[in-house]
file query10.cif (mmCIF, C-alpha atoms)
data_target
loop_
_atom_site.label_atom_id
_atom_site.label_comp_id
_atom_site.auth_asym_id
_atom_site.auth_seq_id
_atom_site.Cartn_x
_atom_site.Cartn_y
_atom_site.Cartn_z
CA MET A 239 -7.92 7.08 -101.21
CA SER A 240 -4.12 7.29 -101.28
CA LEU A 241 -1.32 8.28 -98.99
CA ASN A 242 2.03 9.83 -99.79
CA PRO A 243 5.25 8.13 -98.59
CA VAL A 244 5.52 10.13 -95.37
CA GLY A 245 1.99 9.49 -94.25
CA GLY A 246 0.23 12.70 -95.28
CA PRO A 247 -2.64 13.19 -97.73
CA ALA A 248 -1.81 12.83 -101.42
CA ASN A 249 -3.24 14.23 -104.66
CA LEU A 250 -5.39 16.84 -102.95
CA SER A 251 -6.38 20.24 -104.21
CA PRO A 252 -5.61 23.05 -101.77
CA VAL A 253 -8.43 23.65 -99.33
CA LYS A 254 -9.29 27.29 -98.79
CA LEU A 255 -10.43 28.07 -95.27
CA ASN A 256 -12.25 31.22 -94.31
CA PRO A 257 -11.45 31.91 -90.69
CA PRO A 258 -13.25 34.77 -88.92
CA THR A 259 -11.50 38.12 -89.26
CA PHE A 260 -10.66 40.47 -86.40
CA PRO A 261 -9.75 44.15 -86.52
CA PHE A 262 -6.07 44.79 -85.86
CA PHE A 263 -4.70 47.64 -83.78
CA VAL A 264 -1.22 48.94 -83.14
CA VAL A 265 -0.68 49.41 -79.42
CA ARG A 266 2.36 49.81 -77.20
CA SER A 267 1.11 47.61 -74.38
CA CYS A 268 -2.14 45.92 -73.65
CA GLU A 269 -3.54 43.13 -71.49
CA PRO A 270 -5.21 40.28 -73.40
CA ALA A 271 -8.44 40.91 -71.49
CA LEU A 272 -8.79 44.33 -73.18
CA PHE A 273 -9.11 42.60 -76.55
CA PHE A 274 -11.09 39.63 -75.23
CA PRO A 275 -13.18 40.76 -72.22
CA PHE A 276 -14.36 37.20 -71.49
CA LEU A 277 -10.76 36.32 -70.51
CA GLN A 278 -10.75 38.80 -67.63
CA ASN A 279 -10.85 37.16 -64.17
CA ASN A 280 -11.52 33.79 -65.72
CA THR A 281 -9.50 30.60 -65.72
CA MET A 282 -9.68 29.26 -69.24
CA SER A 283 -9.49 25.65 -70.31
CA VAL A 284 -9.97 23.77 -73.55
CA HIS A 285 -12.66 21.11 -73.29
CA THR A 286 -12.21 18.13 -75.58
CA THR A 287 -15.04 15.64 -75.97
CA LEU A 288 -14.15 12.23 -77.42
CA LEU A 289 -16.67 9.81 -78.88
CA ASP A 290 -15.78 6.43 -80.38
CA PHE A 291 -18.04 4.03 -82.19
CA SER A 292 -17.71 1.30 -84.74
CA VAL A 293 -19.59 -0.16 -87.68
CA ASP A 294 -19.08 -3.30 -89.69
CA PRO A 295 -16.04 -2.77 -91.98
CA SER A 296 -18.21 -3.74 -94.95
CA ALA A 297 -20.25 -0.57 -94.36
CA VAL A 298 -17.25 1.73 -95.04
CA LYS A 299 -15.34 -0.14 -97.73
CA ASN A 300 -15.78 2.50 -100.47
CA GLU A 301 -16.10 6.27 -100.80
CA SER A 302 -19.84 6.18 -101.41
CA GLN A 303 -20.50 4.25 -98.21
CA VAL A 304 -18.20 6.51 -96.20
CA SER A 305 -20.02 9.55 -97.56
CA VAL A 306 -23.37 8.16 -96.38
CA VAL A 307 -22.00 7.45 -92.90
CA CYS A 308 -20.55 10.96 -92.66
CA SER A 309 -23.84 12.52 -93.77
CA ASN A 310 -25.75 10.59 -91.12
CA ILE A 311 -23.32 11.71 -88.43
CA GLU A 312 -23.44 15.34 -89.60
CA ASN A 313 -27.26 15.31 -89.44
CA VAL A 314 -27.06 14.35 -85.79
CA LEU A 315 -24.33 16.89 -84.99
CA ARG A 316 -26.36 19.76 -86.48
CA GLU A 317 -28.89 19.27 -83.70
CA TYR A 318 -26.19 19.88 -81.10
CA LEU A 319 -23.68 22.19 -82.81
CA THR A 320 -25.23 25.39 -84.17
CA ASN A 321 -24.35 26.39 -87.72
CA LEU A 322 -22.12 23.37 -88.35
CA LYS A 323 -19.85 23.92 -91.35
CA THR A 324 -17.49 21.58 -93.17
CA LEU A 325 -14.04 23.18 -93.45
CA ALA A 326 -12.04 20.37 -95.02
CA THR A 327 -12.28 16.79 -96.23
CA ILE A 328 -8.97 14.93 -96.31
CA PRO A 329 -8.66 11.38 -97.64
CA PHE A 330 -5.92 9.07 -96.37
CA GLU A 331 -4.98 5.61 -97.46
CA THR A 332 -6.84 3.92 -94.60
CA ASP A 333 -9.40 6.52 -93.54
CA LEU A 334 -11.19 9.79 -94.21
CA LEU A 335 -10.75 12.90 -92.04
CA LYS A 336 -13.30 15.74 -91.93
CA LEU A 337 -12.89 19.05 -90.12
CA TYR A 338 -15.85 21.17 -88.96
CA SER A 339 -16.59 24.42 -87.16
CA SER A 340 -19.69 25.71 -85.42
CA ASP A 341 -20.81 28.73 -83.42
CA GLY A 342 -19.10 29.44 -80.11
CA GLY A 343 -15.61 28.65 -81.37
CA VAL A 344 -16.30 24.93 -81.54
CA SER A 345 -14.21 22.71 -83.79
CA ALA A 346 -14.84 19.06 -84.55
CA THR A 347 -12.96 16.32 -86.35
CA LEU A 348 -14.52 13.16 -87.68
CA ARG A 349 -12.37 10.24 -88.78
CA VAL A 350 -13.77 7.16 -90.46
CA PHE A 351 -11.38 4.22 -90.68
CA GLN A 352 -11.71 1.30 -93.10
CA THR A 353 -11.56 -1.03 -90.08
CA GLY A 354 -15.00 0.29 -89.08
CA LEU A 355 -13.72 2.44 -86.22
CA ILE A 356 -15.10 5.99 -86.19
CA THR A 357 -13.77 8.73 -83.92
CA LEU A 358 -15.39 12.10 -83.24
CA ASN A 359 -13.51 14.83 -81.33
CA ILE A 360 -15.24 18.08 -80.36
CA GLU A 361 -13.26 20.94 -78.83
CA TYR A 362 -13.87 24.47 -77.55
CA LEU A 363 -12.49 27.04 -75.13
CA LYS A 364 -14.38 27.54 -71.87
CA ALA A 365 -14.01 29.97 -69.00
CA GLU A 366 -14.41 28.55 -65.50
CA SER A 367 -17.45 30.74 -64.94
CA GLN A 368 -19.13 29.74 -68.22
CA GLU A 369 -21.49 26.85 -68.71
CA ALA A 370 -20.10 23.97 -70.71
CA GLN A 371 -21.32 23.97 -74.29
CA LEU A 372 -21.26 20.17 -74.16
CA SER A 373 -21.71 18.70 -70.70
CA PHE A 374 -21.02 15.00 -70.24
CA GLU A 375 -24.77 14.36 -70.16
CA ARG A 376 -25.10 16.18 -73.47
CA CYS A 377 -22.24 14.10 -74.90
CA LYS A 378 -24.05 10.93 -73.87
CA GLU A 379 -27.14 12.21 -75.71
CA ILE A 380 -25.05 12.69 -78.88
CA ASN A 381 -23.67 9.21 -78.43
CA ARG A 382 -27.16 7.74 -78.03
CA ASP A 383 -28.51 9.57 -81.10
CA LEU A 384 -25.54 8.51 -83.21
CA THR A 385 -26.01 4.91 -82.11
CA GLU A 386 -29.69 4.97 -83.01
CA ARG A 387 -29.51 6.92 -86.27
CA VAL A 388 -26.25 5.86 -87.92
CA VAL A 389 -26.92 2.55 -89.62
CA GLY A 390 -24.88 -0.39 -88.45
CA VAL A 391 -23.30 1.00 -85.25
CA GLN A 392 -22.09 -1.96 -83.20
CA ARG A 393 -20.37 -0.29 -80.28
CA SER A 394 -20.15 3.26 -78.96
CA GLN A 395 -18.69 5.22 -76.06
CA ALA A 396 -18.65 8.85 -74.93
CA PHE A 397 -15.73 9.88 -72.72
CA VAL A 398 -15.79 12.44 -69.94
CA PRO A 399 -14.51 15.72 -71.46
CA ILE A 400 -10.77 16.30 -71.10
CA LYS A 401 -9.88 19.74 -69.73
CA ARG A 402 -6.57 21.33 -70.67
CA GLY A 403 -5.51 24.77 -69.54
CA THR A 404 -3.82 26.73 -66.78
CA PHE A 405 -2.71 23.66 -64.82
CA SER A 406 -2.72 19.96 -65.51
CA ARG A 407 -5.35 17.67 -64.06
CA TYR A 408 -3.84 14.59 -65.68
CA PHE A 409 -0.85 12.49 -64.71
CA PRO A 410 0.29 9.03 -65.80
CA SER A 411 0.08 5.80 -63.84
CA SER A 412 3.20 3.66 -63.48
CA ASP A 413 2.17 1.69 -66.58
CA ASP A 414 1.30 4.80 -68.63
CA ARG A 415 -2.45 4.98 -68.14
CA LEU A 416 -4.00 8.45 -67.97
CA LEU A 417 -5.26 9.44 -64.51
CA GLU A 418 -7.47 12.47 -63.88
CA TYR A 419 -7.32 14.36 -60.58
CA ASP A 420 -9.69 16.85 -58.97
CA ILE A 421 -7.05 19.60 -59.05
CA ASP A 422 -8.41 23.11 -58.65
CA GLU A 423 -5.31 25.23 -58.02
CA LEU A 424 -1.65 25.54 -58.94
CA VAL A 425 -0.09 26.45 -55.58
CA PHE A 426 3.59 26.64 -56.55
CA GLU A 427 5.67 26.27 -59.69
CA GLU A 428 9.36 26.72 -60.42
CA ARG A 429 11.86 25.14 -62.78
CA THR A 430 15.32 24.48 -61.35
CA PRO A 431 18.46 23.13 -63.05
CA TYR A 432 17.32 19.68 -61.92
CA GLN A 433 13.57 19.50 -62.57
CA LYS A 434 10.20 21.20 -62.89
CA ILE A 435 8.60 21.54 -59.46
CA GLN A 436 4.89 22.02 -58.92
CA ILE A 437 2.62 21.83 -55.93
CA VAL A 438 -1.03 21.56 -56.88
CA HIS A 439 -4.13 21.40 -54.73
CA SER A 440 -6.54 18.48 -55.01
CA LYS A 441 -10.00 18.66 -53.46
CA SER A 442 -9.64 15.12 -52.08
CA LEU A 443 -5.87 14.77 -51.57
CA GLY A 444 -4.85 18.22 -50.34
CA ASN A 445 -1.61 19.67 -51.68
CA MET A 446 0.39 17.36 -53.95
CA LEU A 447 4.03 17.55 -55.02
CA VAL A 448 4.58 17.00 -58.75
CA LEU A 449 8.10 16.67 -60.18
CA ASP A 450 8.61 16.73 -63.95
CA ASP A 451 4.87 16.10 -64.42
CA LEU A 452 4.89 12.99 -62.21
CA GLN A 453 2.95 12.90 -58.94
CA ASN A 454 5.30 12.31 -55.99
CA ILE A 455 3.43 12.66 -52.71
CA SER A 456 0.30 14.34 -51.36
CA GLU A 457 -0.95 15.32 -47.95
CA ALA A 458 -3.10 12.15 -48.00
CA ASP A 459 -0.14 9.80 -48.53
CA LEU A 460 1.06 8.90 -45.04
CA ILE A 461 0.62 5.24 -46.08
CA TYR A 462 3.39 5.73 -48.66
CA THR A 463 5.91 6.87 -46.06
CA GLU A 464 4.87 4.28 -43.50
CA THR A 465 5.15 1.44 -46.01
CA LEU A 466 8.51 2.68 -47.28
CA MET A 467 9.91 2.67 -43.75
CA GLY A 468 8.06 -0.48 -42.67
CA ARG A 469 6.58 1.20 -39.61
CA GLY A 470 5.91 -1.34 -36.88
CA LEU A 471 8.18 -3.90 -38.57
CA GLU A 472 11.54 -2.15 -38.27
CA ASP A 473 13.25 -0.84 -35.14
CA TYR A 474 14.86 2.55 -35.76
CA LYS A 475 15.63 3.45 -32.16
CA ASP A 476 19.29 4.46 -31.80
CA LYS A 477 19.98 3.54 -35.44
CA GLU A 478 22.11 5.44 -37.96
CA ILE A 479 20.19 6.17 -41.16
CA VAL A 480 20.86 7.88 -44.47
CA ILE A 481 18.14 9.00 -46.91
CA LEU A 482 19.04 9.35 -50.59
CA GLY A 483 16.66 12.00 -51.90
CA GLY A 484 13.54 12.53 -49.82
CA GLY A 485 13.33 16.28 -50.47
CA ASP A 486 9.66 16.50 -49.47
CA GLY A 487 10.75 15.82 -45.88
CA ALA A 488 8.01 13.28 -45.15
CA LEU A 489 10.33 10.32 -44.56
CA LEU A 490 12.71 12.34 -42.40
CA TYR A 491 9.78 13.66 -40.35
CA GLU A 492 8.34 10.19 -39.68
CA LEU A 493 11.72 8.56 -38.99
CA LEU A 494 12.57 11.14 -36.34
CA LYS A 495 9.48 10.04 -34.41
CA GLU A 496 11.17 6.63 -33.99
CA LYS A 497 14.06 8.15 -31.97
CA PRO A 498 17.02 7.18 -34.19
CA LYS A 499 20.58 8.04 -33.23
CA GLU A 500 21.09 10.05 -36.44
CA VAL A 501 19.41 10.61 -39.79
CA ILE A 502 21.27 12.21 -42.71
CA MET A 503 19.20 13.31 -45.69
CA LEU A 504 20.98 13.89 -49.02
CA GLU A 505 18.85 16.05 -51.34
CA ILE A 506 20.10 17.85 -54.44
CA ASP A 507 17.25 20.35 -54.96
CA GLU A 508 16.83 22.91 -52.21
CA VAL A 509 13.82 24.46 -53.96
CA VAL A 510 11.82 21.26 -53.39
CA MET A 511 12.55 21.45 -49.67
CA LYS A 512 11.62 25.12 -49.40
CA ALA A 513 8.39 24.61 -51.33
CA CYS A 514 7.34 21.63 -49.21
CA ALA A 515 8.31 23.40 -45.98
CA LYS A 516 5.85 26.15 -46.91
CA HIS A 517 3.06 24.33 -48.72
CA MET A 518 3.15 20.72 -47.42
CA ARG A 519 3.80 21.22 -43.76
CA SER A 520 1.31 18.53 -42.77
CA ILE A 521 3.66 15.82 -44.10
CA CYS A 522 7.06 17.28 -43.14
CA GLY A 523 6.37 19.29 -40.00
CA ASP A 524 9.20 21.70 -39.25
CA VAL A 525 12.13 19.43 -40.18
CA LEU A 526 12.86 21.36 -43.37
CA ASP A 527 13.04 24.72 -41.59
CA SER A 528 16.64 24.04 -40.68
CA LEU A 529 19.42 21.97 -42.24
CA SER A 530 20.17 20.33 -38.90
CA GLY A 531 18.60 19.33 -35.64
CA PRO A 532 19.50 17.37 -32.48
CA ASN A 533 19.71 14.07 -34.35
CA TYR A 534 19.47 14.91 -38.05
CA GLU A 535 21.34 16.70 -40.80
CA ILE A 536 20.25 17.72 -44.30
CA ILE A 537 23.03 17.95 -46.88
CA VAL A 538 22.11 19.81 -50.05
CA GLY A 539 24.01 18.28 -52.95
CA ASP A 540 24.51 15.22 -55.13
CA CYS A 541 23.82 12.12 -53.03
CA ILE A 542 26.27 10.05 -55.10
CA LYS A 543 29.18 12.33 -54.18
CA ALA A 544 28.21 12.16 -50.52
CA VAL A 545 27.97 8.36 -50.59
CA GLU A 546 31.35 8.14 -52.35
CA GLN A 547 32.82 10.12 -49.47
CA TYR A 548 31.21 7.79 -46.91
CA ILE A 549 32.75 4.82 -48.76
CA LYS A 550 36.20 6.42 -48.57
CA GLU A 551 35.74 7.09 -44.87
CA GLY A 552 34.50 3.55 -44.24
CA ARG A 553 31.32 4.91 -42.68
CA LYS A 554 28.44 2.43 -42.26
CA PHE A 555 24.70 2.84 -41.62
CA ASP A 556 21.94 0.62 -40.26
CA TYR A 557 19.50 1.75 -42.95
CA VAL A 558 19.86 3.34 -46.37
CA PHE A 559 16.67 4.67 -47.95
CA GLY A 560 16.42 5.10 -51.69
CA ASP A 561 13.72 7.76 -52.03
CA LEU A 562 14.71 8.72 -55.55
CA THR A 563 13.37 7.97 -59.02
CA ASP A 564 10.88 5.25 -59.94
CA VAL A 565 12.08 2.28 -61.95
CA PRO A 566 11.39 3.14 -65.62
CA LEU A 567 9.22 1.34 -68.13
CA SER A 568 11.61 -0.05 -70.73
CA GLU A 569 12.16 -3.09 -72.92
CA SER A 570 15.41 -3.91 -71.12
CA PRO A 571 17.26 -2.68 -68.01
CA THR A 572 19.55 -0.43 -70.03
CA GLY A 573 20.01 3.28 -70.46
CA GLU A 574 20.95 6.23 -68.28
CA LEU A 575 18.21 5.75 -65.67
CA TRP A 576 18.95 2.06 -65.16
CA GLU A 577 22.66 2.90 -64.86
CA PHE A 578 21.79 5.38 -62.11
CA ILE A 579 19.60 2.82 -60.31
CA ASN A 580 22.34 0.18 -60.45
CA LYS A 581 24.93 2.66 -59.23
CA ILE A 582 22.75 3.57 -56.26
CA LEU A 583 22.26 -0.12 -55.44
CA SER A 584 25.98 -0.91 -55.64
CA MET A 585 27.06 2.09 -53.59
CA SER A 586 24.34 1.69 -50.95
CA PHE A 587 25.51 -1.77 -49.94
CA LYS A 588 29.05 -0.45 -49.51
CA ILE A 589 27.84 1.80 -46.68
CA LEU A 590 25.48 -0.70 -45.03
CA LYS A 591 26.36 -2.49 -41.82
CA PRO A 592 26.30 -6.32 -42.05
CA GLY A 593 22.78 -6.48 -40.63
CA GLY A 594 21.59 -3.34 -42.38
CA LYS A 595 18.81 -2.85 -44.94
CA PHE A 596 18.32 -0.90 -48.14
CA MET A 597 14.70 0.32 -48.25
CA THR A 598 13.17 1.71 -51.42
CA HIS A 599 10.05 2.22 -53.49
CA VAL A 600 10.07 0.83 -57.03
CA ILE A 601 6.95 1.13 -59.22
CA GLY A 602 3.27 0.21 -59.39
CA SER A 603 2.28 -3.44 -59.21
CA ALA A 604 0.70 -3.17 -62.67
CA ALA A 605 4.18 -2.75 -64.18
CA GLY A 606 5.14 -6.41 -63.78
CA ASP A 607 7.94 -6.41 -66.36
CA ALA A 608 9.67 -3.47 -64.68
CA LEU A 609 9.49 -5.24 -61.31
CA LYS A 610 11.08 -8.36 -62.81
CA MET A 611 13.87 -6.26 -64.32
CA TYR A 612 14.54 -4.63 -60.96
CA GLU A 613 14.79 -8.02 -59.26
CA THR A 614 17.19 -9.14 -61.99
CA GLN A 615 19.44 -6.22 -61.07
CA LEU A 616 19.23 -7.14 -57.38
CA MET A 617 20.54 -10.59 -58.22
CA LYS A 618 23.67 -8.98 -59.67
CA VAL A 619 24.58 -7.08 -56.50
CA GLN A 620 27.79 -8.18 -54.80
CA PRO A 621 28.01 -9.40 -52.10
CA PRO A 622 24.77 -11.35 -52.82
CA VAL A 623 21.54 -9.96 -51.36
CA LYS A 624 18.04 -11.14 -50.58
CA PHE A 625 14.85 -9.10 -50.51
CA THR A 626 11.28 -8.90 -49.30
CA THR A 627 8.50 -6.75 -50.72
CA SER A 628 5.49 -4.89 -49.42
CA HIS A 629 2.54 -3.25 -51.14
CA ALA A 630 0.24 -0.32 -50.41
CA PHE A 631 -2.44 1.54 -52.32
CA ILE A 632 -1.21 5.13 -52.50
CA PRO A 633 -4.03 7.70 -52.74
CA SER A 634 -2.20 10.21 -54.96
CA PHE A 635 -0.90 7.48 -57.28
CA LEU A 636 -4.36 5.93 -57.58
CA GLU A 637 -2.70 2.52 -57.69
CA ASP A 638 -0.99 -0.21 -55.72
CA TRP A 639 2.71 0.55 -55.18
CA VAL A 640 5.57 -1.88 -54.52
CA PHE A 641 8.35 -1.38 -51.97
CA TYR A 642 11.51 -3.45 -51.50
CA GLN A 643 13.54 -4.25 -48.40
CA VAL A 644 16.97 -5.54 -49.47
CA PHE A 645 19.64 -7.03 -47.20
CA PHE A 646 22.81 -9.11 -47.33
CA ASP A 647 22.38 -12.85 -47.91
CA THR A 648 24.34 -14.15 -44.92
CA LYS A 649 24.17 -17.75 -46.19
CA GLN A 650 26.42 -16.97 -49.17
#
call {"tool": "encode", "arguments": {"input": "query10.cif", "output": "structure tokens"}}
result
Amino acid sequence: MSLNPVGGPANLSPVKLNPPTFPFFVVRSCEPALFFPFLQNNTMSVHTTLLDFSVDPSAVKNESQVSVVCSNIENVLREYLTNLKTLATIPFETDLLKLYSSDGGVSATLRVFQTGLITLNIEYLKAESQEAQLSFERCKEINRDLTERVVGVQRSQAFVPIKRGTFSRYFPSSDDRLLEYDIDELVFEERTPYQKIQIVHSKSLGNMLVLDDLQNISEADLIYTETLMGRGLEDYKDKEIVILGGGDGALLYELLKEKPKEVIMLEIDEVVMKACAKHMRSICGDVLDSLSGPNYEIIVGDCIKAVEQYIKEGRKFDYVFGDLTDVPLSESPTGELWEFINKILSMSFKILKPGGKFMTHVIGSAAGDALKMYETQLMKVQPPVKFTTSHAFIPSFLEDWVFYQVFFDTKQ
């Protein structure tokens, strides 16, 4: 087996595929459901089943051995996938790829690596009202039969089918692990000049705000807001507070319960506020219905410009909340996002009173390197600062999250 310089298959004869043919019509306008009745009133999703197993590398060291392994796997698959057909066989330098089809619009790919790793991916389109062609229990049966009937299998695993379709059920953890949610509805979606905004409904979390495909807050996340503000540990009565970001309104809503003198929220995206005011009222109450109240004001615009103005005016606050972006995963604290984070840190301490605090969320506790980088940046702040941290497991993040409380080091 050989590979060309750019990583594709080499020295192969063209493979002729014979896809099913459909009659074609010329029409002026037509709904897809008229051509494909099964699409009507159905939410469609692609189900992808992944199976991994391994054999001793000595069992797949030449083409003859690989052919035997593939034949054994195909014999098992024929018992589960009706009318299984081989569409293509593609050799690479380090593995062999085979493509199959079967009845019901099912496609499958089998890849046998010289390391002994074997991957099997099975995929098909499914309407919400249809039965799964391959339930997870059925996938586990395939996995068991392959383990028993393919000679030399040392390890195997069948994964819960991945569902891709109308709305995403998958979001990343802070350290880039894939998390699956029980999302059953896309409640709101709009793209603004600043970001993609979605509110989705989770069976266990309620409505959840998602910004640029990252989960931000759900109706089950009061612990996030309370940990960010250090409820019970900080005294906000008669204090002056500014929130950088916070467009979901949850922090503003909870802070106002503490009877502060004034809270100013600086949020750039008004669409986020309007969406949360309508669809996430349980976390923000009515504070987003108006841009001002007896002791609060919401300013729609760039928070950096507003803070620059406060610096010019010499205005100072008891608390500054950074409810903005997470700290990124990166090899070093460089790049546009880190520049933004450092700018926010530097500017925030210019509007803090001597005994004031900068309160912020950072990233999940699993992202240890990112936390160390953030603390390195804190050590560069002038005048010097000190910090404490707190942790909380956030339901919609499905992980432990880290919060920082930063204040002036009065001993230096």
call {"tool": "residues_around", "arguments": {"input": "query10.cif", "residues": "Val293 (chain A)", "least_positions_apart": "5", "cutoff": "6 Å", "atoms": "all atoms listed in the file", "output": "VMD selection string"}}
result
chain A and resid 354 390 to 392
call {"tool": "residues_around", "arguments": {"input": "query10.cif", "residues": "region 398-408 of chain A", "least_positions_apart": "6", "cutoff": "7 Å", "atoms": "all atoms listed in the file", "output": "short mmCIF file (atom, residue, chain, number, x, y, z; two decimals) with C-alpha atoms, in the coordinates of the input"}}
result
data_model
loop_
_atom_site.label_atom_id
_atom_site.label_comp_id
_atom_site.auth_asym_id
_atom_site.auth_seq_id
_atom_site.Cartn_x
_atom_site.Cartn_y
_atom_site.Cartn_z
CA THR A 281 -9.50 30.60 -65.72
CA MET A 282 -9.68 29.26 -69.24
CA SER A 283 -9.49 25.65 -70.31
CA VAL A 284 -9.97 23.77 -73.55
CA HIS A 285 -12.66 21.11 -73.29
CA THR A 286 -12.21 18.13 -75.58
CA THR A 287 -15.04 15.64 -75.97
CA LEU A 288 -14.15 12.23 -77.42
CA PHE A 374 -21.02 15.00 -70.24
CA LEU A 416 -4.00 8.45 -67.97
CA LEU A 417 -5.26 9.44 -64.51
CA GLU A 418 -7.47 12.47 -63.88
CA TYR A 419 -7.32 14.36 -60.58
CA ASP A 420 -9.69 16.85 -58.97
CA ILE A 421 -7.05 19.60 -59.05
CA LEU A 424 -1.65 25.54 -58.94
#
call {"tool": "residues_around", "arguments": {"input": "query10.cif", "residues": "Gly483 (chain A)", "least_positions_apart": "5", "cutoff": "8 Å", "atoms": "all atoms listed in the file", "output": "ChimeraX atom specification"}}
result
/A:503-506,541,560-562
call {"tool": "closest_residue", "arguments": {"input": "query10.cif", "among": "A:Glu613, A:Asp413, A:Asp507, A:Asp290", "to": "Leu636 (chain A)", "atoms": "all atoms listed in the file"}}
result
A:Asp413
call {"tool": "resolve_selection", "arguments": {"input": "query10.cif", "expression": "the PyMOL selection byres ((chain A and resi 491) around 9)", "output": "ChimeraX atom specification"}}
result
/A:487-490,492-495,521-526
call {"tool": "residues_near_point", "arguments": {"input": "query10.cif", "point": "(11.9, 4.9, -35.5)", "cutoff": "6 Å", "atoms": "only C-alpha atoms", "output": "list in words"}}
result
Asp473, Tyr474, Lys475, Leu493, Lys495, Glu496, Lys497 and Pro498 of chain A
call {"tool": "atom_distance", "arguments": {"input": "query10.cif", "atom1": "CA of Glu369 (chain A)", "atom2": "CA of Cys308 (chain A)"}}
result
28.8 Å
call {"tool": "closest_residue", "arguments": {"input": "query10.cif", "among": "A:Glu331, A:Glu317, A:Glu478, A:Glu366", "to": "Arg553 (chain A)", "atoms": "all atoms listed in the file"}}
result
A:Glu478
call {"tool": "residues_around", "arguments": {"input": "query10.cif", "residues": "Gln303 (chain A)", "least_positions_apart": "2", "cutoff": "12 Å", "atoms": "only C-alpha atoms", "output": "list of chain:residue names"}}
result
A:Val293, A:Asp294, A:Pro295, A:Ser296, A:Ala297, A:Val298, A:Lys299, A:Asn300, A:Glu301, A:Ser305, A:Val306, A:Val307, A:Cys308, A:Ser309, A:Asn310, A:Leu334, A:Val350, A:Phe351, A:Gln352, A:Gly354, A:Val388, A:Val389, A:Gly390
call {"tool": "resolve_selection", "arguments": {"input": "query10.cif", "expression": "the PyMOL selection byres ((chain A and resi 587) around 9)", "output": "ChimeraX atom specification"}}
result
/A:558,582-586,588-591,594-596,619-621,645-646
call {"tool": "closest_residue", "arguments": {"input": "query10.cif", "among": "A:Lys550, A:Arg429, A:Lys434, A:Arg519", "to": "Glu457 (chain A)", "atoms": "only C-alpha atoms"}}
result
A:Arg519
call {"tool": "closest_residue", "arguments": {"input": "query10.cif", "among": "A:Met518, A:Leu319, A:Val501, A:Val545", "to": "Asn533 (chain A)", "atoms": "all atoms listed in the file"}}
result
A:Val501
call {"tool": "closest_residue", "arguments": {"input": "query10.cif", "among": "A:Glu375, A:Leu466, A:Ile536, A:Ile632", "to": "Val644 (chain A)", "atoms": "all atoms listed in the file"}}
result
A:Leu466
call {"tool": "atom_distance", "arguments": {"input": "query10.cif", "atom1": "CA of Leu384 (chain A)", "atom2": "CA of Tyr318 (chain A)"}}
result
11.6 Å
call {"tool": "atom_distance", "arguments": {"input": "query10.cif", "atom1": "CA of Thr626 (chain A)", "atom2": "CA of Val565 (chain A)"}}
result
16.9 Å
